[in-house]
Amino acid sequence: MAKYSRLHGSVGLISLANPPVNALSSVVRHAISEKVAKAFRDPEVTCVVICGENGVFCGGADIREFASTMRGPPLVPMIDAIEEGEKPVVAAIEGVAFGGGLELALGCHYRIAHYKARVGLPEVTLGLLPAAGGTQRLPRLTGVAPALQLITTGRHVAAPEALKLGIVDQVTEQNTVEVAVQFAKSVVGQALHNRRLSLRQLSCPPDGLFEETMAQIKQRARGAVAPIACVQAVKAAATLPFKAGMDKERDLMATLFNSGQAKALQYSFFAQRSVAKWNLPNGAHSGISKARAVHRAAVIGLGTMGRGIVVSLVRAGISVIAMETNEKQLHTGKKMVIAILEKDAQKHNAAPRADLVHFTERLSDLSNVDLVIEAVYEDMVLKKDIFKQLSMICKPDAFLCTNTSALNVDELAAVTGRPEMVVGMHFFAPAHVMKLLEVVYGQHSSPEAVATAMQLGKRLGKVSVAVGNCPGFVGNRMMKLYVEQAHFLLEEGATPEQVDEALEEFGFAMGIFKVSDLSGLDVGWRVRKEAGLTGAGVDWKEPPRRRQGRRYSPLADLLCEKGHLGQKTSRGWYLYEKPGGRDPKPDQGLHSFLVEYRSKYGLKARRIDKDEVLERCLFSLINEGFCILDDGIASGPEDVDVIYVHGYGWPRHRGGPMFYADMVGLSKVLERLEFYHQAHPDVPYLKPSPLLRKLVRNGSPPIREWREFLKRPHSHL
Ligand SMILES: CC/C=C\CC(=O)SCCNC(=O)CCNC(=O)[C@H](O)C(C)(C)COP(=O)(O)OP(=O)(O)OC[C@H]1O[C@@H](n2cnc3c(N)ncnc32)[C@H](O)[C@@H]1OP(=O)(O)O
């Protein structure tokens, strides 16, 4: 809804009132239209100010309404009516003016923003375009190039930048509404013609701007269609009269609005928010569990992960003790952390925050920290030793966290005298860049420990998801099967290039073999050795290409034995021009190696098409996702999807693996898994999960209803 009042006798003040972000629901749109008409009718009113209650102008159209038939007055005529009005209308922008919110402000004749406010047109991130005149008015205000950049990326800008771009007329540190009211009174009587953006002429865009932008977008959009439609709409602004441009904007929006991509992106928006409201099988949940403040933290281990975690903590203003026993590693780690912090400082024109980090070789220096994150390499014996010591050294109420990516959090907790204070904080490399954090609760982790880790993740700017304890947790447990299928496909006749091409066409930023070369083949090799799948622990009585009773491909192990570890050694699944090279080239040597390998094991190469690559890799991963839901390791499909979109390069416009399964159709996923399981009976995880079967038996309900089919958590609180 929107409230109306009259200030100083002549100013009509319209306040959007739809907490928490004053989204433009049908009720709000109706109320704004009504109040604007009232103000325009009232002869005592000479000018109008539109603002939002509770320090937020407007977060845009109500995204929840997109799933149903749109009711209420549409935005376009409402905004046109404001612009056409004969009384000056000023938008007083506090908090945010996003999407339809900014479009509403662009229909006003003037815009005043608080210096902390942000404005932007993020529709593209929801699979849409700004279809309430945003693609036509913004270029007329800022010029084509800046508008094109903002609309195709959805980037927000802070008020000072918005002022430079001409999006707002004034920025204030004072009470924005009061400043806007005074401003509105001061412009009464001035001509409005020039202030109506729809009437403005656009200056010619630079030559080739649209072609270049389109080419860049096609390269980086990974199949997303909304950015392309955004370019077309802005091009219409630059080449057509306003009215025709608006028609083009409307037509393009009509094609996007009901697309699967828009549904996926809007699902992702809400999924990301839903994971913050975590709940555990024991009944603990975010609503009742209080986080403790973390003032001082420690990180143990200054390898790639440890360094990234230290940087993340410092960026959040937390003082850190960075501990490393290896002198050389300590020296290198310190240099790299300081270099990143200095680069940050340069970027933000501020002093480096290196004073917040204290580097040490002594574990005893950790006696007074509130929370420790252990980030040494994946060796259970080493980690247990560290946790035993921490338990004695750290103050009794310090939380002890591990950055393990797969090891048993309960086993670590058991060696401490405080298992309730132990949780996993699984960061993704590089930790100062990647958004995802898996917070792993063990059997004894207290709600306070989980709440503190989740809250800390939020403070570090991460998307944090609470997950249960099992080998690989959610992300890596699913990933393992996807990687295995890719290796099996090579045995059966595919090349790394064919597999990667299919995955990249699907929308992954990089195919699985390129990712493996980038992270180093030795990472998985170490894990497989730990698991007794290769190296000294193997039971050699088993037939070749079988381990622990099931099919196994030793291809990656064989490459590791040859020293082909990926980019760092210039050879892996691809060839690189030098060690550390980034540009993968097909490797004839690898192809010959595959031919010899197949011949050695009597494997007949066959042609494998893209559909099979996708089904084998993705459906096996999805099937494990269903098992994870059934086991209660993730509390809902949104958790799995958020993990895959933010940590594993799953294309956001495909929602995530569980959303994708819903889009493809659960019965089709089930049928294909049954087919592949029959064809590969020695791969047990291709057997369809009981939860998938149950959902199909129940008529394949939409993803938002899946939680009703999960085992209910039992409260032990
Ligand atoms: C004809 C079409 C014309 C226009 C199209 C559009 O306008 S599309 C919408 C464009 N707007 C956006 O994309 C903005 C989305 N929202 C945000 O970026 C952030 O929510 C915001 C506004 C910056 C606030 O961030 P904050 O961190 O403070 O809160 P949070 O994100 O957790 O949101 C709080 C709750 O509000 C819900 N919500 C936010 N925006 C919308 C929206 N536009 N429509 C509906 N609901 C919205 C959000 O889901 C949270 O809900 P909760 O139940 O508490 O989880």
# chains A, B, ... in the order shown; residues from 1 in each chain; ligands from 1
$ closest_atom_pairs --of "range 126-243 of chain A" --to "range 9-18 of chain A" --cutoff "12 Å" --atoms "only C-alpha atoms" --output "Markdown table"
| residue | atom | partner | partner_atom | distance |
| --- | --- | --- | --- | --- |
| A:Val177 | CA | A:Leu13 | CA | 9.1 |
| A:Glu178 | CA | A:Leu13 | CA | 10.6 |
| A:Ala180 | CA | A:Leu13 | CA | 10.1 |
| A:Val181 | CA | A:Val11 | CA | 7.0 |
| A:Gln182 | CA | A:Val11 | CA | 9.3 |
| A:Phe183 | CA | A:Val11 | CA | 10.7 |
| A:Ala184 | CA | A:Val11 | CA | 7.8 |
| A:Lys185 | CA | A:Val11 | CA | 7.4 |
| A:Ser186 | CA | A:Val11 | CA | 11.2 |
| A:Val187 | CA | A:Val11 | CA | 11.8 |
| A:Val188 | CA | A:Val11 | CA | 10.2 |
$ residues_around --residues "range 402-414 of chain A" --least-positions-apart "3" --cutoff "10 Å" --atoms "only C-alpha atoms" --output "ChimeraX atom specification"
/A:299-300,305-306,309,372-381,383-388,391,417-428,437-445,468-477,527
$ write_last_selection --atoms "N, CA and C atoms" --output "short mmCIF file (atom, residue, chain, number, x, y, z; two decimals), in the first residue's frame"
data_model
loop_
_atom_site.label_atom_id
_atom_site.label_comp_id
_atom_site.auth_asym_id
_atom_site.auth_seq_id
_atom_site.Cartn_x
_atom_site.Cartn_y
_atom_site.Cartn_z
N VAL A 299 43.31 -18.62 11.94
CA VAL A 299 43.30 -19.56 10.81
C VAL A 299 44.57 -20.39 10.92
N ILE A 300 44.43 -21.71 10.85
CA ILE A 300 45.61 -22.58 10.93
C ILE A 300 45.90 -23.12 9.53
N MET A 305 43.96 -22.22 0.64
CA MET A 305 42.68 -22.03 1.33
C MET A 305 42.84 -21.10 2.52
N GLY A 306 43.86 -21.37 3.35
CA GLY A 306 44.06 -20.58 4.56
C GLY A 306 44.23 -19.11 4.23
N ILE A 309 41.00 -17.48 3.37
CA ILE A 309 40.13 -17.31 4.54
C ILE A 309 40.61 -16.12 5.37
N VAL A 372 38.33 -20.57 15.77
CA VAL A 372 39.50 -21.01 14.98
C VAL A 372 39.00 -21.72 13.73
N ILE A 373 39.64 -21.44 12.59
CA ILE A 373 39.34 -22.21 11.38
C ILE A 373 40.61 -22.96 10.98
N GLU A 374 40.54 -24.27 11.09
CA GLU A 374 41.70 -25.09 10.69
C GLU A 374 41.62 -25.31 9.19
N ALA A 375 42.73 -25.00 8.48
CA ALA A 375 42.73 -25.14 7.01
C ALA A 375 44.02 -25.82 6.55
N VAL A 376 44.42 -26.88 7.24
CA VAL A 376 45.61 -27.62 6.79
C VAL A 376 45.16 -28.64 5.75
N TYR A 377 46.11 -29.35 5.14
CA TYR A 377 45.68 -30.27 4.08
C TYR A 377 44.93 -31.48 4.64
N GLU A 378 44.26 -32.19 3.70
CA GLU A 378 43.30 -33.23 4.11
C GLU A 378 43.97 -34.48 4.67
N ASP A 379 44.37 -34.44 5.93
CA ASP A 379 45.00 -35.59 6.55
C ASP A 379 44.37 -35.72 7.94
N MET A 380 43.57 -36.77 8.10
CA MET A 380 42.80 -36.93 9.33
C MET A 380 43.71 -36.97 10.57
N VAL A 381 44.85 -37.64 10.44
CA VAL A 381 45.74 -37.78 11.60
C VAL A 381 46.24 -36.41 12.03
N LYS A 383 44.89 -33.48 11.34
CA LYS A 383 43.79 -32.64 11.81
C LYS A 383 43.40 -33.02 13.25
N LYS A 384 43.38 -34.33 13.52
CA LYS A 384 43.02 -34.76 14.88
C LYS A 384 44.03 -34.22 15.89
N ASP A 385 45.30 -34.27 15.50
CA ASP A 385 46.34 -33.79 16.40
C ASP A 385 46.11 -32.30 16.70
N ILE A 386 45.79 -31.54 15.65
CA ILE A 386 45.57 -30.10 15.83
C ILE A 386 44.35 -29.86 16.74
N PHE A 387 43.26 -30.59 16.49
CA PHE A 387 42.04 -30.38 17.29
C PHE A 387 42.26 -30.75 18.75
N LYS A 388 43.06 -31.80 18.99
CA LYS A 388 43.37 -32.18 20.37
C LYS A 388 44.08 -31.03 21.07
N SER A 391 41.86 -27.95 21.66
CA SER A 391 40.93 -28.18 22.76
C SER A 391 41.58 -27.82 24.10
N GLY A 417 37.54 -31.79 23.89
CA GLY A 417 36.70 -31.88 25.10
C GLY A 417 35.44 -31.05 24.93
N ARG A 418 35.15 -30.60 23.72
CA ARG A 418 34.00 -29.71 23.50
C ARG A 418 33.36 -29.97 22.14
N PRO A 419 32.85 -31.19 21.91
CA PRO A 419 32.30 -31.51 20.58
C PRO A 419 31.17 -30.57 20.16
N GLU A 420 30.49 -29.98 21.13
CA GLU A 420 29.37 -29.08 20.78
C GLU A 420 29.87 -27.78 20.14
N MET A 421 31.16 -27.49 20.32
CA MET A 421 31.71 -26.23 19.78
C MET A 421 32.36 -26.45 18.41
N VAL A 422 32.25 -27.68 17.89
CA VAL A 422 32.95 -28.00 16.64
C VAL A 422 31.96 -28.00 15.47
N VAL A 423 32.32 -27.28 14.41
CA VAL A 423 31.54 -27.33 13.15
C VAL A 423 32.50 -27.28 11.97
N GLY A 424 32.01 -27.71 10.82
CA GLY A 424 32.80 -27.55 9.60
C GLY A 424 32.47 -26.20 8.98
N MET A 425 33.52 -25.53 8.47
CA MET A 425 33.28 -24.33 7.64
C MET A 425 34.02 -24.60 6.35
N HIS A 426 33.28 -25.15 5.38
CA HIS A 426 33.91 -25.58 4.13
C HIS A 426 33.86 -24.44 3.12
N PHE A 427 35.02 -23.75 2.99
CA PHE A 427 35.15 -22.66 2.01
C PHE A 427 35.52 -23.28 0.66
N PHE A 428 35.37 -22.50 -0.38
CA PHE A 428 35.72 -22.96 -1.73
C PHE A 428 36.85 -22.08 -2.29
N LEU A 437 29.78 -21.09 1.16
CA LEU A 437 30.31 -21.67 2.40
C LEU A 437 29.35 -22.77 2.84
N GLU A 438 29.87 -24.01 2.95
CA GLU A 438 29.04 -25.07 3.55
C GLU A 438 29.35 -25.09 5.05
N VAL A 439 28.33 -24.89 5.86
CA VAL A 439 28.52 -24.98 7.32
C VAL A 439 28.06 -26.38 7.73
N VAL A 440 29.02 -27.20 8.17
CA VAL A 440 28.71 -28.61 8.40
C VAL A 440 28.48 -28.86 9.89
N TYR A 441 27.24 -29.26 10.23
CA TYR A 441 26.97 -29.54 11.64
C TYR A 441 27.21 -31.03 11.90
N GLY A 442 27.86 -31.29 13.02
CA GLY A 442 28.08 -32.68 13.42
C GLY A 442 26.97 -33.14 14.33
N GLN A 443 27.13 -34.36 14.81
CA GLN A 443 26.12 -34.95 15.71
C GLN A 443 25.93 -34.12 16.98
N HIS A 444 27.07 -33.51 17.43
CA HIS A 444 27.00 -32.80 18.72
C HIS A 444 27.08 -31.28 18.58
N SER A 445 27.20 -30.78 17.34
CA SER A 445 27.34 -29.31 17.18
C SER A 445 26.15 -28.61 17.83
N GLY A 468 24.51 -31.42 6.63
CA GLY A 468 24.87 -32.49 7.57
C GLY A 468 26.24 -33.08 7.25
N ASN A 469 26.69 -33.94 8.16
CA ASN A 469 28.03 -34.50 8.06
C ASN A 469 27.99 -35.86 7.35
N CYS A 470 28.62 -35.97 6.21
CA CYS A 470 28.78 -37.24 5.50
C CYS A 470 29.96 -37.05 4.56
N PRO A 471 30.56 -38.12 4.04
CA PRO A 471 31.73 -37.92 3.20
C PRO A 471 31.41 -36.99 2.02
N GLY A 472 32.13 -35.86 1.94
CA GLY A 472 31.93 -34.90 0.84
C GLY A 472 30.80 -33.92 1.09
N PHE A 473 30.09 -34.08 2.21
CA PHE A 473 28.95 -33.21 2.55
C PHE A 473 27.95 -33.18 1.37
N VAL A 474 27.53 -31.99 0.91
CA VAL A 474 26.59 -32.00 -0.22
C VAL A 474 27.33 -31.88 -1.54
N GLY A 475 28.10 -30.79 -1.66
CA GLY A 475 28.70 -30.46 -2.96
C GLY A 475 29.63 -31.56 -3.47
N ASN A 476 30.62 -31.92 -2.67
CA ASN A 476 31.61 -32.90 -3.16
C ASN A 476 31.05 -34.32 -3.24
N ARG A 477 30.07 -34.60 -2.39
CA ARG A 477 29.46 -35.95 -2.47
C ARG A 477 28.78 -36.12 -3.84
N VAL A 527 42.76 -37.83 -2.40
CA VAL A 527 41.50 -38.27 -1.78
C VAL A 527 41.27 -39.77 -2.08
#
$ residues_near_ligand --ligand "ligand 1" --cutoff "7 Å" --atoms "only C-alpha atoms and all ligand atoms" --output "list of chain:residue names"
A:Pro20, A:Val21, A:Ala23, A:Gly59, A:Gly60, A:Ala61, A:Asp62, A:Ile63, A:Arg64, A:Leu75, A:Val96, A:Phe98, A:Gly99, A:Gly100, A:Gly101, A:Leu121, A:Pro122, A:Glu123, A:Leu126, A:Pro130, A:Ala131, A:Ala132, A:Phe270, A:Arg273, A:Ser274
$ residues_around --residues "range 697-711 of chain A" --least-positions-apart "2" --cutoff "10 Å" --atoms "only C-alpha atoms" --output "MDAnalysis selection string"
chainID A and resid 267 281 626 629:632 635:638 658:663 665:667 691:695 713:714
$ select_by_dssp --residues "range 296-354 of chain A" --states "alpha helix (DSSP H)" --output "PyMOL selection string"
chain A and resi 304-315+327-348
$ residues_around --residues "Leu618 in chain A" --least-positions-apart "3" --cutoff "8 Å" --atoms "only C-alpha atoms" --output "list of chain:residue names"
A:Tyr482, A:Leu614, A:Glu615, A:Leu621, A:Ile622, A:Pro657
$ write_last_selection --atoms "all heavy atoms" --output "PDB file, in the first residue's frame"
ATOM      1  N   TYR A 482      29.607 -37.297 -10.614  1.00  0.00           N
ATOM      2  CA  TYR A 482      29.650 -36.576 -11.890  1.00  0.00           C
ATOM      3  C   TYR A 482      31.028 -36.780 -12.527  1.00  0.00           C
ATOM      4  O   TYR A 482      31.147 -37.108 -13.716  1.00  0.00           O
ATOM      5  CB  TYR A 482      29.353 -35.127 -11.527  1.00  0.00           C
ATOM      6  CG  TYR A 482      29.622 -34.010 -12.481  1.00  0.00           C
ATOM      7  CD1 TYR A 482      28.771 -33.763 -13.542  1.00  0.00           C
ATOM      8  CD2 TYR A 482      30.681 -33.124 -12.260  1.00  0.00           C
ATOM      9  CE1 TYR A 482      28.981 -32.666 -14.377  1.00  0.00           C
ATOM     10  CE2 TYR A 482      30.890 -32.031 -13.085  1.00  0.00           C
ATOM     11  CZ  TYR A 482      30.042 -31.803 -14.136  1.00  0.00           C
ATOM     12  OH  TYR A 482      30.248 -30.716 -14.946  1.00  0.00           O
ATOM     13  N   LEU A 614      25.412 -35.454 -21.105  1.00  0.00           N
ATOM     14  CA  LEU A 614      24.663 -34.674 -20.111  1.00  0.00           C
ATOM     15  C   LEU A 614      23.878 -35.586 -19.173  1.00  0.00           C
ATOM     16  O   LEU A 614      23.896 -35.415 -17.951  1.00  0.00           O
ATOM     17  CB  LEU A 614      23.708 -33.693 -20.801  1.00  0.00           C
ATOM     18  CG  LEU A 614      24.378 -32.541 -21.549  1.00  0.00           C
ATOM     19  CD1 LEU A 614      23.340 -31.595 -22.125  1.00  0.00           C
ATOM     20  CD2 LEU A 614      25.330 -31.760 -20.644  1.00  0.00           C
ATOM     21  N   GLU A 615      23.195 -36.562 -19.740  1.00  0.00           N
ATOM     22  CA  GLU A 615      22.365 -37.430 -18.880  1.00  0.00           C
ATOM     23  C   GLU A 615      23.229 -38.211 -17.898  1.00  0.00           C
ATOM     24  O   GLU A 615      22.914 -38.293 -16.711  1.00  0.00           O
ATOM     25  CB  GLU A 615      21.555 -38.390 -19.746  1.00  0.00           C
ATOM     26  CG  GLU A 615      20.410 -37.680 -20.462  1.00  0.00           C
ATOM     27  CD  GLU A 615      19.561 -38.619 -21.320  1.00  0.00           C
ATOM     28  OE1 GLU A 615      19.944 -39.803 -21.503  1.00  0.00           O
ATOM     29  OE2 GLU A 615      18.523 -38.174 -21.807  1.00  0.00           O
ATOM     30  N   LEU A 621      24.478 -37.056 -10.792  1.00  0.00           N
ATOM     31  CA  LEU A 621      24.645 -36.032  -9.750  1.00  0.00           C
ATOM     32  C   LEU A 621      23.289 -35.703  -9.105  1.00  0.00           C
ATOM     33  O   LEU A 621      23.151 -35.605  -7.878  1.00  0.00           O
ATOM     34  CB  LEU A 621      25.265 -34.828 -10.446  1.00  0.00           C
ATOM     35  CG  LEU A 621      25.524 -33.528  -9.751  1.00  0.00           C
ATOM     36  CD1 LEU A 621      26.849 -32.965 -10.261  1.00  0.00           C
ATOM     37  CD2 LEU A 621      24.479 -32.494 -10.034  1.00  0.00           C
ATOM     38  N   ILE A 622      22.283 -35.567  -9.947  1.00  0.00           N
ATOM     39  CA  ILE A 622      20.934 -35.244  -9.448  1.00  0.00           C
ATOM     40  C   ILE A 622      20.410 -36.387  -8.568  1.00  0.00           C
ATOM     41  O   ILE A 622      19.822 -36.161  -7.500  1.00  0.00           O
ATOM     42  CB  ILE A 622      19.985 -34.991 -10.650  1.00  0.00           C
ATOM     43  CG1 ILE A 622      20.326 -33.645 -11.294  1.00  0.00           C
ATOM     44  CG2 ILE A 622      18.521 -35.063 -10.239  1.00  0.00           C
ATOM     45  CD1 ILE A 622      19.690 -33.406 -12.653  1.00  0.00           C
ATOM     46  N   PRO A 657      20.759 -28.186  -9.851  1.00  0.00           N
ATOM     47  CA  PRO A 657      20.446 -29.547 -10.308  1.00  0.00           C
ATOM     48  C   PRO A 657      19.035 -30.027  -9.967  1.00  0.00           C
ATOM     49  O   PRO A 657      18.381 -30.673 -10.792  1.00  0.00           O
ATOM     50  CB  PRO A 657      21.485 -30.417  -9.607  1.00  0.00           C
ATOM     51  CG  PRO A 657      22.366 -29.532  -8.832  1.00  0.00           C
ATOM     52  CD  PRO A 657      21.968 -28.115  -9.031  1.00  0.00           C
TER      53      PRO A 657
END
$ select_by_dssp --residues "range 293-480 of chain A" --states "strand (DSSP E or B)" --output "ChimeraX atom specification"
/A:296-300,319-323,357-360,371-374,399-402,422-427,436-441,463-468
$ residues_around --residues "Gly566 in chain A" --least-positions-apart "6" --cutoff "6 Å" --atoms "only C-alpha atoms" --output "mmCIF file with N, CA and C atoms, in the first residue's frame"
data_model
loop_
_atom_site.group_PDB
_atom_site.id
_atom_site.type_symbol
_atom_site.label_atom_id
_atom_site.label_comp_id
_atom_site.auth_asym_id
_atom_site.auth_seq_id
_atom_site.Cartn_x
_atom_site.Cartn_y
_atom_site.Cartn_z
ATOM 1 N N ASP A 517 42.089 -29.948 -14.624
ATOM 2 C CA ASP A 517 43.428 -29.443 -14.954
ATOM 3 C C ASP A 517 43.754 -28.190 -14.160
ATOM 4 N N GLY A 520 44.217 -29.207 -10.448
ATOM 5 C CA GLY A 520 45.326 -30.151 -10.268
ATOM 6 C C GLY A 520 44.796 -31.560 -10.063
ATOM 7 N N GLY A 572 47.725 -32.571 -18.657
ATOM 8 C CA GLY A 572 46.734 -33.230 -17.807
ATOM 9 C C GLY A 572 45.768 -33.883 -18.770
#
$ residues_around --residues "Gly166 in chain A" --least-positions-apart "4" --cutoff "10 Å" --atoms "only C-alpha atoms" --output "count of residues only"
9
$ closest_residue --among "A:Met323, A:Val48, A:Leu192, A:Ala159" --to "Glu84 in chain A" --atoms "only C-alpha atoms"
A:Leu192
$ closest_residue --among "A:Ala431, A:Val465, A:Leu555, A:Ile82" --to "Ile643 in chain A" --atoms "only C-alpha atoms"
A:Val465
$ closest_residue --among "A:Val311, A:Ala39, A:Ala145, A:Ala97" --to "Glu212 in chain A" --atoms "only C-alpha atoms"
A:Ala145
$ closest_residue --among "A:Leu460, A:Ala298, A:Leu436, A:Cys627" --to "Leu390 in chain A" --atoms "only C-alpha atoms"
A:Ala298
$ residues_around --residues "range 335-339 of chain A" --least-positions-apart "6" --cutoff "8 Å" --atoms "only C-alpha atoms" --output "list of chain:residue names"
A:Arg307, A:Gly308, A:Val310, A:Val311, A:Ala354
$ write_last_selection --atoms "N, CA and C atoms" --output "short mmCIF file (atom, residue, chain, number, x, y, z; two decimals), in the first residue's frame"
data_model
loop_
_atom_site.label_atom_id
_atom_site.label_comp_id
_atom_site.auth_asym_id
_atom_site.auth_seq_id
_atom_site.Cartn_x
_atom_site.Cartn_y
_atom_site.Cartn_z
N ARG A 307 45.04 -18.83 3.20
CA ARG A 307 45.28 -17.42 2.83
C ARG A 307 43.97 -16.73 2.46
N GLY A 308 43.18 -17.41 1.65
CA GLY A 308 41.90 -16.81 1.21
C GLY A 308 40.98 -16.57 2.40
N VAL A 310 41.93 -15.99 5.54
CA VAL A 310 42.47 -14.85 6.29
C VAL A 310 42.01 -13.55 5.62
N VAL A 311 42.15 -13.47 4.30
CA VAL A 311 41.76 -12.24 3.58
C VAL A 311 40.27 -11.95 3.80
N ALA A 354 46.34 -4.66 6.88
CA ALA A 354 47.26 -5.72 7.31
C ALA A 354 47.48 -5.70 8.82
#
$ atom_distance --atom1 "CA of Asp609 in chain A" --atom2 "CA of Gln498 in chain A"
8.6 Å
$ atom_distance --atom1 "CA of Leu366 in chain A" --atom2 "CA of Lys334 in chain A"
17.4 Å
$ closest_residue --among "A:Pro139, A:Pro447, A:Gly154, A:Gly223" --to "Ser203 in chain A" --atoms "only C-alpha atoms"
A:Pro139
$ closest_residue --among "A:Tyr574, A:Phe619, A:Phe508, A:Phe66" --to "Ser25 in chain A" --atoms "only C-alpha atoms"
A:Phe66
$ atom_distance --atom1 "CA of Ile167 in chain A" --atom2 "CA of Glu103 in chain A"
11.0 Å
